[in-house]
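Heads up: the structure comes next, in structure tokens.
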Amino acid sequence: MKRVVVAVCLMALSGMALAQSAFDGKWTGAVPGARGATTPVALTFKAEGAKLTGSLAGARGVAVPIADGVISGSAIRFKTSLEARDGSLTVFAWTGRLAEGEIAVSRVPITPEGKETGPPVEFTIKRAP
């Protein structure tokens with residue numbers, strides 16, 4: 001009986017680790033913009049338990065760290081901060097859901113206090129080859 005309980009616990013823990021590590025690696029996509037233009041984006045994720053770390057690289061190729069990253073099952077959420085050419089800082093809140101090898105992403109600009117300052121932008125990222 002004791003062996004059965006231990007085996008069940010080990011299977012449950014390994015299943016949780018597999019679900020979380022499904023995000024590990026580089027993911028790429030294109031952020032839709034004004035008048036049909038798109039901007040390439042690359043996100044690199046690393047799962048550490050329920051914590052998500054990594055970086056975002058945009059069109060300029062400069063990598064910025066992911067902050068406040070959380071994994072909950074097939075869902076993720078995190079923030080990034082990007083400095084504009086004029087020196088101002090834009091913070092984005094990201095959410096995503098992994099399904100069928102893709103992550104459906106929503107990104108919305110926010111104030112440092114978390115208030116949305118613009119509409120969400122939705123797109124899909126795929127694991128980089």
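Labels for the structure tokens follow display order: chains A, B, ..., residues from 1 in each chain, ligands from 1.
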Name all residues at most 7 Å from Ile66 of chain A (count only C-alpha atoms; drop same-chain ones fewer than 2 positions away) and give them as a PyMOL selection string. chain A and resi 53-56+64+68-69+78-80
Among chain A, which ones does DSSP assign to alpha helix (DSSP H) (computed from the backbone)? Answer as JSON, numbers by chain. {"A": [2, 3, 4, 5, 6, 7, 8, 9, 10, 11, 12, 13, 14, 15, 16, 17, 18, 19, 20, 21]}
Atoms kept (N, CA and C atoms) for selection, written as a PDB file, in the first residue's frame:
ATOM      1  N   LYS A   2       1.921   1.234   0.817  1.00  0.00           N
ATOM      2  CA  LYS A   2       2.810   2.372   0.920  1.00  0.00           C
ATOM      3  C   LYS A   2       3.468   2.663  -0.432  1.00  0.00           C
ATOM      4  N   ARG A   3       3.845   1.590  -1.153  1.00  0.00           N
ATOM      5  CA  ARG A   3       4.466   1.758  -2.473  1.00  0.00           C
ATOM      6  C   ARG A   3       3.509   2.383  -3.472  1.00  0.00           C
ATOM      7  N   VAL A   4       2.245   2.013  -3.407  1.00  0.00           N
ATOM      8  CA  VAL A   4       1.237   2.560  -4.311  1.00  0.00           C
ATOM      9  C   VAL A   4       1.085   4.058  -4.070  1.00  0.00           C
ATOM     10  N   VAL A   5       1.017   4.466  -2.815  1.00  0.00           N
ATOM     11  CA  VAL A   5       0.874   5.883  -2.475  1.00  0.00           C
ATOM     12  C   VAL A   5       2.090   6.665  -2.973  1.00  0.00           C
ATOM     13  N   VAL A   6       3.276   6.139  -2.745  1.00  0.00           N
ATOM     14  CA  VAL A   6       4.498   6.800  -3.199  1.00  0.00           C
ATOM     15  C   VAL A   6       4.515   6.899  -4.722  1.00  0.00           C
ATOM     16  N   ALA A   7       4.152   5.843  -5.414  1.00  0.00           N
ATOM     17  CA  ALA A   7       4.129   5.846  -6.877  1.00  0.00           C
ATOM     18  C   ALA A   7       3.140   6.875  -7.413  1.00  0.00           C
ATOM     19  N   VAL A   8       1.965   6.945  -6.821  1.00  0.00           N
ATOM     20  CA  VAL A   8       0.957   7.920  -7.254  1.00  0.00           C
ATOM     21  C   VAL A   8       1.460   9.341  -7.027  1.00  0.00           C
ATOM     22  N   CYS A   9       2.075   9.586  -5.892  1.00  0.00           N
ATOM     23  CA  CYS A   9       2.620  10.920  -5.612  1.00  0.00           C
ATOM     24  C   CYS A   9       3.711  11.295  -6.606  1.00  0.00           C
ATOM     25  N   LEU A  10       4.597  10.361  -6.907  1.00  0.00           N
ATOM     26  CA  LEU A  10       5.661  10.630  -7.877  1.00  0.00           C
ATOM     27  C   LEU A  10       5.106  10.910  -9.265  1.00  0.00           C
ATOM     28  N   MET A  11       4.095  10.179  -9.687  1.00  0.00           N
ATOM     29  CA  MET A  11       3.486  10.430 -10.999  1.00  0.00           C
ATOM     30  C   MET A  11       2.828  11.798 -11.033  1.00  0.00           C
ATOM     31  N   ALA A  12       2.159  12.178  -9.971  1.00  0.00           N
ATOM     32  CA  ALA A  12       1.509  13.488  -9.927  1.00  0.00           C
ATOM     33  C   ALA A  12       2.540  14.600  -9.998  1.00  0.00           C
ATOM     34  N   LEU A  13       3.620  14.483  -9.243  1.00  0.00           N
ATOM     35  CA  LEU A  13       4.665  15.499  -9.264  1.00  0.00           C
ATOM     36  C   LEU A  13       5.355  15.581 -10.617  1.00  0.00           C
ATOM     37  N   SER A  14       5.629  14.449 -11.244  1.00  0.00           N
ATOM     38  CA  SER A  14       6.278  14.488 -12.554  1.00  0.00           C
ATOM     39  C   SER A  14       5.347  15.081 -13.602  1.00  0.00           C
ATOM     40  N   GLY A  15       4.059  14.838 -13.498  1.00  0.00           N
ATOM     41  CA  GLY A  15       3.095  15.440 -14.419  1.00  0.00           C
ATOM     42  C   GLY A  15       3.063  16.945 -14.283  1.00  0.00           C
ATOM     43  N   MET A  16       3.148  17.451 -13.043  1.00  0.00           N
ATOM     44  CA  MET A  16       3.179  18.898 -12.827  1.00  0.00           C
ATOM     45  C   MET A  16       4.442  19.496 -13.431  1.00  0.00           C
ATOM     46  N   ALA A  17       5.575  18.833 -13.264  1.00  0.00           N
ATOM     47  CA  ALA A  17       6.834  19.340 -13.811  1.00  0.00           C
ATOM     48  C   ALA A  17       6.790  19.383 -15.330  1.00  0.00           C
ATOM     49  N   LEU A  18       6.211  18.359 -15.952  1.00  0.00           N
ATOM     50  CA  LEU A  18       6.112  18.340 -17.412  1.00  0.00           C
ATOM     51  C   LEU A  18       5.234  19.469 -17.923  1.00  0.00           C
ATOM     52  N   ALA A  19       4.111  19.729 -17.248  1.00  0.00           N
ATOM     53  CA  ALA A  19       3.217  20.799 -17.685  1.00  0.00           C
ATOM     54  C   ALA A  19       3.915  22.147 -17.600  1.00  0.00           C
ATOM     55  N   GLN A  20       4.680  22.370 -16.558  1.00  0.00           N
ATOM     56  CA  GLN A  20       5.349  23.648 -16.385  1.00  0.00           C
ATOM     57  C   GLN A  20       6.512  23.795 -17.357  1.00  0.00           C
ATOM     58  N   SER A  21       7.258  22.736 -17.594  1.00  0.00           N
ATOM     59  CA  SER A  21       8.408  22.849 -18.474  1.00  0.00           C
ATOM     60  C   SER A  21       8.001  22.926 -19.947  1.00  0.00           C
TER      61      SER A  21
END
Pick the closest to Gly49 of chain A from A:Val31, A:Val121, A:Ala22, A:Ala99: which is it, counting only C-alpha atoms? A:Ala22
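Residue nearest Ala75 of chain A, chosen from A:Arg97, A:Arg35, A:Lys126, A:Lys26 and counting only C-alpha atoms: A:Arg97.
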May I have all residues of chain A that DSSP, computed from the backbone, assigns to strand (DSSP E), given as a VMD selection string? chain A and resid 25 to 32 38 to 48 51 to 57 63 to 65 67 to 72 75 to 83 89 to 99 102 to 110 121 to 127
Please provide the set of residues having any atom within 9 Å of Gly118 of chain A, restricted to only C-alpha atoms, with same-chain residues fewer than 3 positions apart removed, written as a PyMOL selection string. chain A and resi 108-110
Could you please take those selected residues and save all heavy atoms as a short mmCIF file (atom, residue, chain, number, x, y, z; two decimals), in the first residue's frame?
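Contents of again.cif, freshly written:
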data_model
loop_
_atom_site.label_atom_id
_atom_site.label_comp_id
_atom_site.auth_asym_id
_atom_site.auth_seq_id
_atom_site.Cartn_x
_atom_site.Cartn_y
_atom_site.Cartn_z
N VAL A 108 -1.10 44.07 -22.93
CA VAL A 108 -1.77 45.35 -22.72
C VAL A 108 -0.81 46.30 -21.99
O VAL A 108 -0.13 45.90 -21.05
CB VAL A 108 -3.10 45.17 -21.94
CG1 VAL A 108 -2.87 44.62 -20.56
CG2 VAL A 108 -3.90 46.45 -21.87
N PRO A 109 -0.74 47.57 -22.45
CA PRO A 109 0.09 48.54 -21.73
C PRO A 109 -0.57 48.91 -20.41
O PRO A 109 -1.80 49.07 -20.34
CB PRO A 109 0.17 49.73 -22.69
CG PRO A 109 -1.02 49.60 -23.57
CD PRO A 109 -1.36 48.15 -23.64
N ILE A 110 0.25 49.06 -19.36
CA ILE A 110 -0.27 49.41 -18.04
C ILE A 110 0.60 50.48 -17.39
O ILE A 110 1.75 50.69 -17.78
CB ILE A 110 -0.35 48.18 -17.10
CG1 ILE A 110 1.04 47.57 -16.89
CG2 ILE A 110 -1.32 47.14 -17.63
CD1 ILE A 110 1.10 46.50 -15.81
#
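For the pair atom CA of Ile103 of chain A and atom CA of Phe123 of chain A, the interatomic distance is 8.6 Å.
A straight line drawn from atom CA of Thr28 of chain A to atom CA of Arg127 of chain A is 6.3 Å long.
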The residue from A:Ile76, A:Thr44, A:Val91, A:Asp24 with the smallest atom-to-atom distance to Ser106 of chain A, counting only C-alpha atoms, is A:Ile76
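The gap separating atom CA of Thr124 of chain A from atom CA of Ala30 of chain A is 7.7 Å, in Å to one decimal.
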